[in-house]
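Participant: One structure follows; several queries about it will come next.
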Amino acid sequence: MAPPRAQPPRLRARDRRVFAYYREFLNHPDDARKVAWRTRFDQELRFENLLEAVDEADTALSILDVGCGLGDLYGWLRATGRGGEYLGVDIVPEMIDAARARHPEGRFEVCDVLVKPPERTFDLVVCSGGLTVRTPEHERFVLAMIDRMLALSHGAVAINFQSTRAFAVNPLAERDPDLFHADPLALYAACRERCRWTVLREDMLPTDLTIYLYPGYARSHRAYARRAPQPDTFGLAWLLLERRLPQAALQVLDADDGPPEASRVNLRGVALRQLGERAAAEEAFREALRLDPTYEPARLNLG
Ligand SMILES: C[S@@+](CC[C@H](N)C(=O)[O-])C[C@H]1O[C@@H](n2cnc3c(N)ncnc32)[C@H](O)[C@@H]1O
């Protein structure tokens, strides 16, 4: 049975620019050219570069692909033995129709994440080439998209751009009115304001830059939790609270099914205090002292 046709969204000036740009490419016989990449090789190289944002051992990640085009990332993930959940979104309905036809088992939706974002978060949100076509007030739009992608990820966000460095290898690029070229350091600074762990990569192609953002707690925390022979609830929760990540600390504390201990109950109080829940925090400190009347940190916290 043919997959249902994707419904076109309401068009704004920005969308009209994107639609006009990509519709010119869509009839090209070469698959990579259909989504305006030069070759399949640089398209796939970009996929790998974006996937490097996460641990290579994580083969079952949930991935949101913003500007998924024809779903080639989905094909690449499966062809290279990487499973996990995948959702591809694009604002051009023809892209989604073609992606569904190519990969009937994949999930592809016409969706503008600024208008109606998915109602869940993902381990990894990627965007390969999705912010490249220059639209009205493009710089502002790019930052709004970065904010939205950050909100949609609990792990990592990886986005590539054409870089102003491209002008050194192709001076004509500077006069191309269609394409947005991001200044690497200005973009890094804007991302760094939004997310303390931001990485700028410029080592893939002389024309490109890639930004990784990690909105959740640091990857080192997750790696530690996974690799420590006996993950230590107290140590993990303490580290998270040091980084002012009380929700993540509460998750770690909740997952512990050992008997209640003053040290952990006290940390629950610290997390609640960081969340502004003073009464609940106080009750947790008292509970810690009931469990161990000599537990000094809880006494200090209560004070
Ligand atoms: C250069 S193509 C790359 C497609 C795909 N990521 C790949 O690498 O094969 C960029 C894609 O982003 C989509 N796009 C552009 N602006 C978008 C937006 N605001 N939201 C979602 N998709 C968008 C375009 O329709 C196009 O399919």
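Following the order of the structure tokens, first chain is A, next is B, and so on, with residues numbered from 1 inside each chain and ligands from 1 in the order they appear.
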Quick one: everything within 8 Å of region 122-127 of chain A, counting only C-alpha atoms, minus sequence neighbours fewer than 2 positions away in the same chain. Send it as a PyMOL selection string.
Facilitator: chain A and resi 50+54+61-68+120+129-131+149+152-160
Participant: Name each residue within 8 Å of ligand 1, counting only C-alpha atoms and all ligand atoms, as number ranges by chain.
Facilitator: A: 14-15, 18-19, 22, 32, 35-37, 43-44, 46-47, 65-73, 89-92, 95, 111-114, 127-133, 145
Participant: How about saving the chosen residues, N, CA and C atoms kept, as a compact mmCIF listing (two decimals), in the first residue's frame?
Facilitator:
# COMPACT_ATOMS: atom_id res chain seq x y z
N ARG A 14 9.68 32.39 4.81
CA ARG A 14 10.86 31.57 5.01
C ARG A 14 10.70 30.21 4.31
N ASP A 15 9.51 29.63 4.51
CA ASP A 15 9.28 28.31 3.90
C ASP A 15 9.31 28.41 2.38
N VAL A 18 12.76 28.15 1.11
CA VAL A 18 13.30 26.79 1.22
C VAL A 18 12.67 25.89 0.16
N PHE A 19 11.34 26.01 0.01
CA PHE A 19 10.64 25.16 -0.97
C PHE A 19 11.20 25.42 -2.37
N TYR A 22 14.83 23.94 -2.83
CA TYR A 22 15.00 22.48 -2.92
C TYR A 22 14.20 21.87 -4.06
N ALA A 32 22.23 12.35 -4.14
CA ALA A 32 22.79 13.37 -3.23
C ALA A 32 22.46 14.77 -3.75
N VAL A 35 19.15 16.54 -2.75
CA VAL A 35 19.08 17.32 -1.50
C VAL A 35 20.22 18.36 -1.46
N ALA A 36 20.72 18.67 -2.65
CA ALA A 36 21.67 19.78 -2.84
C ALA A 36 23.07 19.52 -2.29
N TRP A 37 23.39 18.26 -1.95
CA TRP A 37 24.79 17.97 -1.63
C TRP A 37 25.54 17.73 -2.93
N GLN A 43 28.02 13.84 1.59
CA GLN A 43 26.79 13.73 2.39
C GLN A 43 27.01 12.73 3.54
N GLU A 44 27.57 11.55 3.21
CA GLU A 44 27.76 10.52 4.23
C GLU A 44 28.86 10.91 5.23
N ARG A 46 29.39 13.87 6.21
CA ARG A 46 28.71 14.78 7.17
C ARG A 46 27.91 13.99 8.19
N PHE A 47 27.24 12.91 7.75
CA PHE A 47 26.49 12.08 8.71
C PHE A 47 27.43 11.58 9.81
N ASP A 65 16.02 13.77 13.32
CA ASP A 65 16.78 14.30 12.17
C ASP A 65 15.98 15.48 11.60
N VAL A 66 16.44 16.69 11.92
CA VAL A 66 15.70 17.89 11.50
C VAL A 66 16.19 18.31 10.11
N GLY A 67 15.25 18.37 9.15
CA GLY A 67 15.65 18.61 7.76
C GLY A 67 16.18 17.31 7.19
N CYS A 68 15.36 16.24 7.31
CA CYS A 68 15.84 14.89 6.97
C CYS A 68 15.93 14.66 5.47
N GLY A 69 15.34 15.57 4.66
CA GLY A 69 15.38 15.37 3.21
C GLY A 69 14.75 14.05 2.84
N LEU A 70 15.52 13.23 2.10
CA LEU A 70 14.99 11.97 1.58
C LEU A 70 15.20 10.80 2.54
N GLY A 71 15.59 11.12 3.76
CA GLY A 71 15.78 10.06 4.78
C GLY A 71 17.09 9.33 4.62
N ASP A 72 18.07 9.98 3.98
CA ASP A 72 19.33 9.27 3.72
C ASP A 72 20.09 8.94 5.01
N LEU A 73 19.94 9.77 6.05
CA LEU A 73 20.62 9.44 7.31
C LEU A 73 20.05 8.14 7.87
N VAL A 89 12.18 14.68 10.23
CA VAL A 89 11.18 15.73 9.94
C VAL A 89 11.74 16.69 8.90
N ASP A 90 10.84 17.20 8.08
CA ASP A 90 11.24 18.16 7.05
C ASP A 90 10.01 19.03 6.77
N ILE A 91 10.26 20.26 6.31
CA ILE A 91 9.10 21.10 6.01
C ILE A 91 8.63 20.95 4.56
N VAL A 92 9.43 20.29 3.73
CA VAL A 92 9.04 20.14 2.31
C VAL A 92 8.32 18.79 2.14
N MET A 95 9.82 15.95 0.07
CA MET A 95 10.94 15.22 0.69
C MET A 95 10.37 14.07 1.53
N CYS A 111 7.04 18.51 9.34
CA CYS A 111 6.97 19.17 10.65
C CYS A 111 7.94 20.33 10.69
N ASP A 112 7.44 21.47 11.15
CA ASP A 112 8.30 22.60 11.45
C ASP A 112 8.47 22.60 12.96
N VAL A 113 9.67 22.30 13.42
CA VAL A 113 9.85 22.12 14.87
C VAL A 113 9.62 23.41 15.64
N LEU A 114 9.64 24.55 14.94
CA LEU A 114 9.36 25.81 15.64
C LEU A 114 7.86 25.98 15.87
N CYS A 127 21.06 17.94 12.55
CA CYS A 127 20.56 18.77 11.45
C CYS A 127 21.70 18.92 10.46
N SER A 128 21.58 18.22 9.33
CA SER A 128 22.64 18.26 8.33
C SER A 128 22.18 19.08 7.12
N GLY A 129 22.64 20.28 7.06
CA GLY A 129 22.31 21.14 5.92
C GLY A 129 20.95 21.81 6.02
N GLY A 130 20.23 21.60 7.11
CA GLY A 130 18.86 22.11 7.22
C GLY A 130 18.78 23.61 7.47
N LEU A 131 19.91 24.26 7.81
CA LEU A 131 19.84 25.70 8.10
C LEU A 131 20.69 26.48 7.10
N THR A 132 20.89 25.89 5.93
CA THR A 132 21.86 26.45 4.98
C THR A 132 21.25 27.44 4.01
N VAL A 133 19.99 27.22 3.64
CA VAL A 133 19.37 28.15 2.67
C VAL A 133 19.00 29.45 3.40
N MET A 145 16.15 28.10 16.02
CA MET A 145 16.21 26.65 15.75
C MET A 145 17.15 25.96 16.73
Participant: Need the shell around region 186-201 of chain A: protein/DNA/RNA residues with any atom at most 7 Å away, counting only C-alpha atoms. Skip same-chain ones fewer than 3 positions apart. Format as a list in words?
Facilitator: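 Non-adjacent residues within range: Ala182, Asp183, Leu209, Thr210, Ile211, Tyr212, Leu213, Tyr214 and Pro215 of chain A.
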Participant: Please produce a file of the residues just selected, as a compact mmCIF listing (two decimals), in the first residue's frame, where the atoms kept are N, CA and C atoms.
Facilitator:
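Writing the result to out_36.txt gives the following:
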# COMPACT_ATOMS: atom_id res chain seq x y z
N ALA A 182 28.02 30.64 8.06
CA ALA A 182 28.13 31.06 9.47
C ALA A 182 29.58 31.39 9.81
N ASP A 183 29.74 32.48 10.57
CA ASP A 183 31.07 32.81 11.09
C ASP A 183 31.35 31.87 12.27
N LEU A 209 31.46 23.89 8.99
CA LEU A 209 31.72 23.84 10.43
C LEU A 209 30.61 23.00 11.05
N THR A 210 30.95 22.40 12.16
CA THR A 210 29.96 21.58 12.89
C THR A 210 29.96 22.02 14.34
N ILE A 211 28.76 22.10 14.88
CA ILE A 211 28.63 22.46 16.30
C ILE A 211 27.97 21.28 17.02
N TYR A 212 28.57 20.87 18.13
CA TYR A 212 27.92 19.90 19.02
C TYR A 212 27.52 20.66 20.29
N LEU A 213 26.32 20.44 20.75
CA LEU A 213 25.90 21.02 22.03
C LEU A 213 25.40 19.89 22.92
N TYR A 214 25.74 19.96 24.18
CA TYR A 214 25.33 18.92 25.13
C TYR A 214 24.48 19.55 26.22
N PRO A 215 23.18 19.55 26.04
CA PRO A 215 22.32 20.25 26.99
C PRO A 215 22.10 19.49 28.29
Participant: Please provide as a PyMOL selection string all residues within 12 Å of Ala13 (chain A), with the sequence filter that same-chain residues fewer than 3 positions apart are discarded (counting only C-alpha atoms).
Facilitator: chain A and resi 10+16-20+134-138
Participant: List the spatial neighbours of region 253-267 of chain A as a PDB file with N, CA and C atoms, in the first residue's frame - criterion: any atom at most 9 Å away, only C-alpha atoms, same-chain residues fewer than 5 positions off excluded.
Facilitator:
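Result file is out.pdb:
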ATOM      1  N   THR A 233      25.596   5.533  43.677  1.00  0.00           N
ATOM      2  CA  THR A 233      24.511   6.510  43.630  1.00  0.00           C
ATOM      3  C   THR A 233      24.910   7.823  44.294  1.00  0.00           C
ATOM      4  N   PHE A 234      25.525   7.706  45.461  1.00  0.00           N
ATOM      5  CA  PHE A 234      25.879   8.918  46.194  1.00  0.00           C
ATOM      6  C   PHE A 234      26.859   9.770  45.376  1.00  0.00           C
ATOM      7  N   LEU A 236      27.512   9.789  42.139  1.00  0.00           N
ATOM      8  CA  LEU A 236      26.926  10.354  40.919  1.00  0.00           C
ATOM      9  C   LEU A 236      26.025  11.541  41.244  1.00  0.00           C
ATOM     10  N   ALA A 237      25.155  11.336  42.232  1.00  0.00           N
ATOM     11  CA  ALA A 237      24.202  12.394  42.576  1.00  0.00           C
ATOM     12  C   ALA A 237      24.953  13.625  43.088  1.00  0.00           C
ATOM     13  N   TRP A 238      26.009  13.390  43.840  1.00  0.00           N
ATOM     14  CA  TRP A 238      26.797  14.508  44.369  1.00  0.00           C
ATOM     15  C   TRP A 238      27.404  15.323  43.227  1.00  0.00           C
ATOM     16  N   LEU A 241      24.823  17.407  41.542  1.00  0.00           N
ATOM     17  CA  LEU A 241      24.428  18.572  42.339  1.00  0.00           C
ATOM     18  C   LEU A 241      25.516  19.641  42.311  1.00  0.00           C
ATOM     19  N   ALA A 248      18.459  15.767  37.374  1.00  0.00           N
ATOM     20  CA  ALA A 248      19.232  14.574  37.016  1.00  0.00           C
ATOM     21  C   ALA A 248      19.665  13.850  38.289  1.00  0.00           C
ATOM     22  N   LEU A 272      16.343  19.061  46.255  1.00  0.00           N
ATOM     23  CA  LEU A 272      15.061  19.769  46.419  1.00  0.00           C
ATOM     24  C   LEU A 272      15.308  21.248  46.722  1.00  0.00           C
ATOM     25  N   ALA A 281      12.745  20.040  51.090  1.00  0.00           N
ATOM     26  CA  ALA A 281      14.182  19.891  51.363  1.00  0.00           C
ATOM     27  C   ALA A 281      14.401  19.735  52.868  1.00  0.00           C
ATOM     28  N   ALA A 284      13.548  16.383  54.080  1.00  0.00           N
ATOM     29  CA  ALA A 284      14.562  15.372  53.726  1.00  0.00           C
ATOM     30  C   ALA A 284      15.748  15.455  54.692  1.00  0.00           C
ATOM     31  N   PHE A 285      16.189  16.677  55.065  1.00  0.00           N
ATOM     32  CA  PHE A 285      17.314  16.803  55.999  1.00  0.00           C
ATOM     33  C   PHE A 285      16.937  16.196  57.360  1.00  0.00           C
ATOM     34  N   ARG A 286      15.678  16.470  57.783  1.00  0.00           N
ATOM     35  CA  ARG A 286      15.234  15.898  59.075  1.00  0.00           C
ATOM     36  C   ARG A 286      15.227  14.369  59.009  1.00  0.00           C
ATOM     37  N   GLU A 287      14.734  13.852  57.867  1.00  0.00           N
ATOM     38  CA  GLU A 287      14.687  12.400  57.687  1.00  0.00           C
ATOM     39  C   GLU A 287      16.103  11.805  57.751  1.00  0.00           C
ATOM     40  N   ALA A 288      17.070  12.497  57.123  1.00  0.00           N
ATOM     41  CA  ALA A 288      18.460  12.018  57.157  1.00  0.00           C
ATOM     42  C   ALA A 288      18.942  11.953  58.607  1.00  0.00           C
ATOM     43  N   LEU A 289      18.565  12.966  59.385  1.00  0.00           N
ATOM     44  CA  LEU A 289      19.014  12.978  60.790  1.00  0.00           C
ATOM     45  C   LEU A 289      18.305  11.915  61.620  1.00  0.00           C
ATOM     46  N   ARG A 290      17.049  11.588  61.249  1.00  0.00           N
ATOM     47  CA  ARG A 290      16.350  10.508  61.949  1.00  0.00           C
ATOM     48  C   ARG A 290      17.093   9.186  61.696  1.00  0.00           C
ATOM     49  N   LEU A 291      17.571   9.011  60.412  1.00  0.00           N
ATOM     50  CA  LEU A 291      18.276   7.772  60.074  1.00  0.00           C
ATOM     51  C   LEU A 291      19.631   7.702  60.767  1.00  0.00           C
ATOM     52  N   ASP A 292      20.292   8.856  60.856  1.00  0.00           N
ATOM     53  CA  ASP A 292      21.602   8.879  61.513  1.00  0.00           C
ATOM     54  C   ASP A 292      21.783  10.235  62.204  1.00  0.00           C
ATOM     55  N   PRO A 293      21.460  10.282  63.517  1.00  0.00           N
ATOM     56  CA  PRO A 293      21.512  11.559  64.246  1.00  0.00           C
ATOM     57  C   PRO A 293      22.906  12.181  64.246  1.00  0.00           C
ATOM     58  N   TYR A 295      24.803  12.439  61.534  1.00  0.00           N
ATOM     59  CA  TYR A 295      25.197  12.801  60.153  1.00  0.00           C
ATOM     60  C   TYR A 295      25.287  14.332  60.019  1.00  0.00           C
ATOM     61  N   PRO A 297      26.513  16.590  57.728  1.00  0.00           N
ATOM     62  CA  PRO A 297      26.068  17.405  56.577  1.00  0.00           C
ATOM     63  C   PRO A 297      24.574  17.748  56.642  1.00  0.00           C
ATOM     64  N   ALA A 298      23.743  16.795  57.097  1.00  0.00           N
ATOM     65  CA  ALA A 298      22.303  17.074  57.161  1.00  0.00           C
ATOM     66  C   ALA A 298      22.033  18.141  58.219  1.00  0.00           C
ATOM     67  N   ASN A 301      22.983  21.435  56.715  1.00  0.00           N
ATOM     68  CA  ASN A 301      22.005  21.851  55.698  1.00  0.00           C
ATOM     69  C   ASN A 301      20.727  22.383  56.364  1.00  0.00           C
TER      70      ASN A 301
END
Participant: Among the residues of region 20-246 of chain A, find those DSSP assigns to helix (DSSP H, G or I) from the backbone and print them as a short mmCIF file (atom, residue, chain, number, x, y, z; two decimals) with N, CA and C atoms, in the first residue's frame.
Facilitator:
data_model
loop_
_atom_site.label_atom_id
_atom_site.label_comp_id
_atom_site.auth_asym_id
_atom_site.auth_seq_id
_atom_site.Cartn_x
_atom_site.Cartn_y
_atom_site.Cartn_z
N ALA A 20 11.32 26.72 -2.74
CA ALA A 20 11.76 27.07 -4.09
C ALA A 20 13.17 26.53 -4.32
N TYR A 21 14.02 26.64 -3.30
CA TYR A 21 15.41 26.21 -3.46
C TYR A 21 15.48 24.70 -3.69
N TYR A 22 14.83 23.94 -2.83
CA TYR A 22 15.00 22.48 -2.92
C TYR A 22 14.20 21.87 -4.06
N ARG A 23 13.08 22.49 -4.44
CA ARG A 23 12.31 21.90 -5.55
C ARG A 23 13.13 21.90 -6.83
N GLU A 24 14.04 22.86 -6.98
CA GLU A 24 14.90 22.89 -8.17
C GLU A 24 15.80 21.67 -8.24
N PHE A 25 16.18 21.18 -7.07
CA PHE A 25 17.13 20.06 -7.03
C PHE A 25 16.44 18.70 -7.11
N LEU A 26 15.15 18.68 -6.68
CA LEU A 26 14.51 17.39 -6.45
C LEU A 26 14.45 16.48 -7.68
N ASP A 31 21.08 11.05 -6.45
CA ASP A 31 20.38 11.14 -5.17
C ASP A 31 20.92 12.24 -4.26
N ALA A 32 22.23 12.35 -4.14
CA ALA A 32 22.79 13.37 -3.23
C ALA A 32 22.46 14.77 -3.75
N ARG A 33 22.44 14.93 -5.07
CA ARG A 33 22.10 16.25 -5.64
C ARG A 33 20.64 16.61 -5.37
N LYS A 34 19.79 15.62 -5.25
CA LYS A 34 18.36 15.90 -4.98
C LYS A 34 18.21 16.71 -3.70
N ARG A 40 27.40 11.82 -2.89
CA ARG A 40 27.00 10.93 -1.81
C ARG A 40 28.08 10.88 -0.73
N PHE A 41 29.35 11.02 -1.18
CA PHE A 41 30.46 10.85 -0.24
C PHE A 41 30.51 11.99 0.78
N ASP A 42 30.33 13.24 0.29
CA ASP A 42 30.40 14.31 1.30
C ASP A 42 29.13 14.34 2.14
N GLN A 43 28.02 13.84 1.59
CA GLN A 43 26.79 13.73 2.39
C GLN A 43 27.01 12.73 3.54
N GLU A 44 27.57 11.55 3.21
CA GLU A 44 27.76 10.52 4.23
C GLU A 44 28.86 10.91 5.23
N LEU A 45 29.87 11.60 4.71
CA LEU A 45 30.92 12.09 5.62
C LEU A 45 30.31 13.03 6.66
N ARG A 46 29.39 13.87 6.21
CA ARG A 46 28.71 14.78 7.17
C ARG A 46 27.91 13.99 8.19
N PHE A 47 27.24 12.91 7.75
CA PHE A 47 26.49 12.08 8.71
C PHE A 47 27.43 11.58 9.81
N GLU A 48 28.57 11.00 9.38
CA GLU A 48 29.51 10.45 10.36
C GLU A 48 29.99 11.54 11.30
N ASN A 49 30.27 12.70 10.74
CA ASN A 49 30.77 13.81 11.55
C ASN A 49 29.73 14.23 12.60
N LEU A 50 28.45 14.21 12.24
CA LEU A 50 27.41 14.55 13.21
C LEU A 50 27.27 13.46 14.27
N LEU A 51 27.37 12.20 13.82
CA LEU A 51 27.20 11.08 14.76
C LEU A 51 28.37 11.01 15.75
N ASP A 72 18.07 9.98 3.98
CA ASP A 72 19.33 9.27 3.72
C ASP A 72 20.09 8.94 5.01
N LEU A 73 19.94 9.77 6.05
CA LEU A 73 20.62 9.44 7.31
C LEU A 73 20.05 8.14 7.87
N TYR A 74 18.71 7.99 7.77
CA TYR A 74 18.09 6.76 8.25
C TYR A 74 18.70 5.56 7.52
N GLY A 75 18.81 5.66 6.18
CA GLY A 75 19.40 4.57 5.39
C GLY A 75 20.84 4.30 5.81
N TRP A 76 21.59 5.38 6.07
CA TRP A 76 22.98 5.24 6.45
C TRP A 76 23.11 4.56 7.81
N LEU A 77 22.25 4.94 8.75
CA LEU A 77 22.30 4.32 10.08
C LEU A 77 22.04 2.82 9.99
N ARG A 78 21.03 2.45 9.23
CA ARG A 78 20.70 1.03 9.13
C ARG A 78 21.78 0.29 8.36
N ALA A 79 22.30 0.90 7.29
CA ALA A 79 23.32 0.23 6.48
C ALA A 79 24.60 0.02 7.28
N PRO A 93 7.02 18.83 1.83
CA PRO A 93 6.26 17.56 1.77
C PRO A 93 6.82 16.57 0.75
N GLU A 94 7.34 17.07 -0.40
CA GLU A 94 7.89 16.14 -1.40
C GLU A 94 9.04 15.32 -0.82
N MET A 95 9.82 15.95 0.07
CA MET A 95 10.94 15.22 0.69
C MET A 95 10.37 14.07 1.53
N ILE A 96 9.35 14.39 2.31
CA ILE A 96 8.80 13.37 3.21
C ILE A 96 8.14 12.25 2.41
N ASP A 97 7.41 12.61 1.34
CA ASP A 97 6.81 11.56 0.49
C ASP A 97 7.89 10.62 -0.03
N ALA A 98 8.99 11.22 -0.52
CA ALA A 98 10.06 10.39 -1.10
C ALA A 98 10.75 9.57 -0.01
N ALA A 99 10.94 10.17 1.17
CA ALA A 99 11.60 9.42 2.26
C ALA A 99 10.74 8.22 2.66
N ARG A 100 9.42 8.43 2.75
CA ARG A 100 8.53 7.31 3.13
C ARG A 100 8.55 6.21 2.07
N ALA A 101 8.59 6.63 0.80
CA ALA A 101 8.60 5.63 -0.27
C ALA A 101 9.90 4.83 -0.23
N ARG A 102 11.03 5.50 0.06
CA ARG A 102 12.31 4.79 0.09
C ARG A 102 12.46 3.90 1.31
N HIS A 138 17.63 35.51 8.75
CA HIS A 138 18.11 34.14 8.91
C HIS A 138 18.88 33.92 10.22
N GLU A 139 19.70 34.90 10.62
CA GLU A 139 20.52 34.70 11.83
C GLU A 139 19.60 34.45 13.03
N ARG A 140 18.51 35.25 13.10
CA ARG A 140 17.57 35.08 14.21
C ARG A 140 16.91 33.70 14.17
N PHE A 141 16.54 33.31 12.95
CA PHE A 141 15.90 32.00 12.76
C PHE A 141 16.85 30.87 13.20
N VAL A 142 18.14 31.00 12.83
CA VAL A 142 19.11 29.96 13.19
C VAL A 142 19.17 29.81 14.72
N LEU A 143 19.20 30.94 15.42
CA LEU A 143 19.29 30.86 16.89
C LEU A 143 18.00 30.27 17.48
N ALA A 144 16.86 30.62 16.88
CA ALA A 144 15.60 30.04 17.37
C ALA A 144 15.60 28.53 17.15
N MET A 145 16.15 28.10 16.02
CA MET A 145 16.21 26.65 15.75
C MET A 145 17.15 25.96 16.73
N ILE A 146 18.29 26.61 17.04
CA ILE A 146 19.23 26.00 17.99
C ILE A 146 18.55 25.87 19.36
N ASP A 147 17.84 26.92 19.78
CA ASP A 147 17.13 26.84 21.07
C ASP A 147 16.14 25.68 21.06
N ARG A 148 15.41 25.54 19.95
CA ARG A 148 14.40 24.48 19.89
C ARG A 148 15.04 23.09 19.88
N MET A 149 16.13 22.96 19.15
CA MET A 149 16.79 21.64 19.11
C MET A 149 17.35 21.30 20.48
N LEU A 150 17.87 22.31 21.19
CA LEU A 150 18.35 22.06 22.56
C LEU A 150 17.20 21.56 23.44
N ALA A 151 16.03 22.19 23.27
CA ALA A 151 14.88 21.79 24.09
C ALA A 151 14.42 20.37 23.74
N ALA A 166 34.71 29.03 3.92
CA ALA A 166 34.57 28.56 2.53
C ALA A 166 35.00 29.65 1.54
N PHE A 167 34.92 30.92 1.96
CA PHE A 167 35.25 32.00 1.03
C PHE A 167 36.72 31.92 0.60
N ALA A 168 37.57 31.33 1.47
CA ALA A 168 38.99 31.23 1.13
C ALA A 168 39.20 30.22 -0.01
N VAL A 169 38.38 29.17 -0.04
CA VAL A 169 38.56 28.17 -1.11
C VAL A 169 37.67 28.46 -2.31
N PRO A 171 35.91 31.93 -3.55
CA PRO A 171 35.53 33.34 -3.32
C PRO A 171 34.12 33.66 -3.83
N LEU A 172 33.64 32.90 -4.81
CA LEU A 172 32.29 33.18 -5.34
C LEU A 172 31.20 32.92 -4.29
N ALA A 173 31.52 32.01 -3.34
CA ALA A 173 30.53 31.65 -2.32
C ALA A 173 30.06 32.89 -1.56
N GLU A 174 30.97 33.87 -1.40
CA GLU A 174 30.64 35.06 -0.62
C GLU A 174 29.51 35.86 -1.27
N ARG A 175 29.39 35.70 -2.60
CA ARG A 175 28.35 36.48 -3.28
C ARG A 175 27.09 35.65 -3.55
N PRO A 184 32.42 31.06 12.20
CA PRO A 184 32.58 29.99 13.21
C PRO A 184 32.62 30.52 14.64
N LEU A 185 33.42 31.57 14.90
CA LEU A 185 33.57 31.99 16.29
C LEU A 185 32.33 32.72 16.79
N ALA A 186 31.67 33.48 15.91
CA ALA A 186 30.44 34.17 16.34
C ALA A 186 29.36 33.13 16.66
N LEU A 187 29.27 32.10 15.83
CA LEU A 187 28.26 31.07 16.09
C LEU A 187 28.60 30.29 17.37
N TYR A 188 29.89 30.00 17.53
CA TYR A 188 30.31 29.30 18.76
C TYR A 188 29.90 30.12 19.99
N ALA A 189 30.18 31.44 19.94
CA ALA A 189 29.88 32.29 21.10
C ALA A 189 28.37 32.28 21.39
N ALA A 190 27.56 32.35 20.34
CA ALA A 190 26.11 32.36 20.54
C ALA A 190 25.64 31.03 21.13
N CYS A 191 26.25 29.94 20.68
CA CYS A 191 25.86 28.62 21.19
C CYS A 191 26.34 28.47 22.63
N ARG A 192 27.54 28.95 22.89
CA ARG A 192 28.12 28.83 24.24
C ARG A 192 27.27 29.57 25.27
N GLU A 193 26.63 30.68 24.81
CA GLU A 193 25.73 31.39 25.73
C GLU A 193 24.54 30.52 26.09
N ARG A 194 24.15 29.64 25.18
CA ARG A 194 22.96 28.81 25.40
C ARG A 194 23.27 27.51 26.10
N ARG A 219 28.69 14.22 29.24
CA ARG A 219 28.81 12.85 28.79
C ARG A 219 29.67 12.03 29.74
N SER A 220 30.63 12.71 30.38
CA SER A 220 31.49 11.97 31.31
C SER A 220 30.67 11.37 32.45
N HIS A 221 29.60 12.06 32.85
CA HIS A 221 28.76 11.52 33.93
C HIS A 221 28.07 10.23 33.46
N ARG A 222 27.57 10.30 32.23
CA ARG A 222 26.88 9.10 31.73
C ARG A 222 27.85 7.95 31.52
N ALA A 223 29.04 8.30 30.99
CA ALA A 223 30.05 7.25 30.76
C ALA A 223 30.43 6.62 32.09
N TYR A 224 30.57 7.45 33.11
CA TYR A 224 30.94 6.95 34.43
C TYR A 224 29.84 6.02 34.96
N ALA A 225 28.58 6.48 34.80
CA ALA A 225 27.46 5.68 35.30
C ALA A 225 27.43 4.32 34.61
N ARG A 226 27.78 4.32 33.32
CA ARG A 226 27.70 3.07 32.55
C ARG A 226 28.88 2.15 32.87
N ARG A 227 30.05 2.76 33.06
CA ARG A 227 31.25 1.93 33.13
C ARG A 227 31.70 1.57 34.53
N THR A 233 25.60 5.53 43.68
CA THR A 233 24.51 6.51 43.63
C THR A 233 24.91 7.82 44.29
N PHE A 234 25.53 7.71 45.46
CA PHE A 234 25.88 8.92 46.19
C PHE A 234 26.86 9.77 45.38
N GLY A 235 27.90 9.11 44.84
CA GLY A 235 28.94 9.85 44.10
C GLY A 235 28.36 10.54 42.88
N LEU A 236 27.51 9.79 42.14
CA LEU A 236 26.93 10.35 40.92
C LEU A 236 26.02 11.54 41.24
N ALA A 237 25.15 11.34 42.23
CA ALA A 237 24.20 12.39 42.58
C ALA A 237 24.95 13.63 43.09
N TRP A 238 26.01 13.39 43.84
CA TRP A 238 26.80 14.51 44.37
C TRP A 238 27.40 15.32 43.23
N LEU A 239 27.99 14.59 42.24
CA LEU A 239 28.59 15.29 41.10
C LEU A 239 27.54 16.12 40.36
N LEU A 240 26.36 15.55 40.19
CA LEU A 240 25.31 16.26 39.47
C LEU A 240 24.88 17.52 40.23
N LEU A 241 24.82 17.41 41.54
CA LEU A 241 24.43 18.57 42.34
C LEU A 241 25.52 19.64 42.31
N GLU A 242 26.79 19.20 42.23
CA GLU A 242 27.88 20.17 42.08
C GLU A 242 27.69 20.99 40.81
N PRO A 246 19.80 19.41 39.59
CA PRO A 246 19.05 18.69 40.61
C PRO A 246 18.09 17.63 40.04
#
Participant: Within region 156-284 of chain A, find each residue whose DSSP state, derived from the backbone, is strand (DSSP E), and express the selection as a PyMOL selection string.
Facilitator: chain A and resi 156-163+181-182+198-201+208-213
Participant: Could you turn the residues from that selection into a file that holds C-alpha atoms, as an mmCIF file, in the first residue's frame?
Facilitator:
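And here is the file that came out, again18.cif:
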data_model
loop_
_atom_site.group_PDB
_atom_site.id
_atom_site.type_symbol
_atom_site.label_atom_id
_atom_site.label_comp_id
_atom_site.auth_asym_id
_atom_site.auth_seq_id
_atom_site.Cartn_x
_atom_site.Cartn_y
_atom_site.Cartn_z
ATOM 1 C CA ALA A 156 23.368 15.979 22.288
ATOM 2 C CA VAL A 157 22.590 18.294 19.391
ATOM 3 C CA ALA A 158 24.790 18.240 16.280
ATOM 4 C CA ILE A 159 24.369 20.770 13.463
ATOM 5 C CA ASN A 160 26.479 21.553 10.439
ATOM 6 C CA PHE A 161 26.710 24.819 8.521
ATOM 7 C CA GLN A 162 28.502 26.241 5.556
ATOM 8 C CA SER A 163 31.325 28.301 7.059
ATOM 9 C CA HIS A 181 27.631 31.013 5.713
ATOM 10 C CA ALA A 182 28.129 31.058 9.466
ATOM 11 C CA THR A 198 29.568 23.509 23.136
ATOM 12 C CA VAL A 199 32.134 22.088 20.725
ATOM 13 C CA LEU A 200 33.172 23.677 17.438
ATOM 14 C CA ARG A 201 34.623 21.357 14.796
ATOM 15 C CA ASP A 208 31.991 23.388 6.708
ATOM 16 C CA LEU A 209 31.724 23.840 10.425
ATOM 17 C CA THR A 210 29.961 21.581 12.887
ATOM 18 C CA ILE A 211 28.625 22.457 16.296
ATOM 19 C CA TYR A 212 27.916 19.901 19.020
ATOM 20 C CA LEU A 213 25.899 21.022 22.027
#
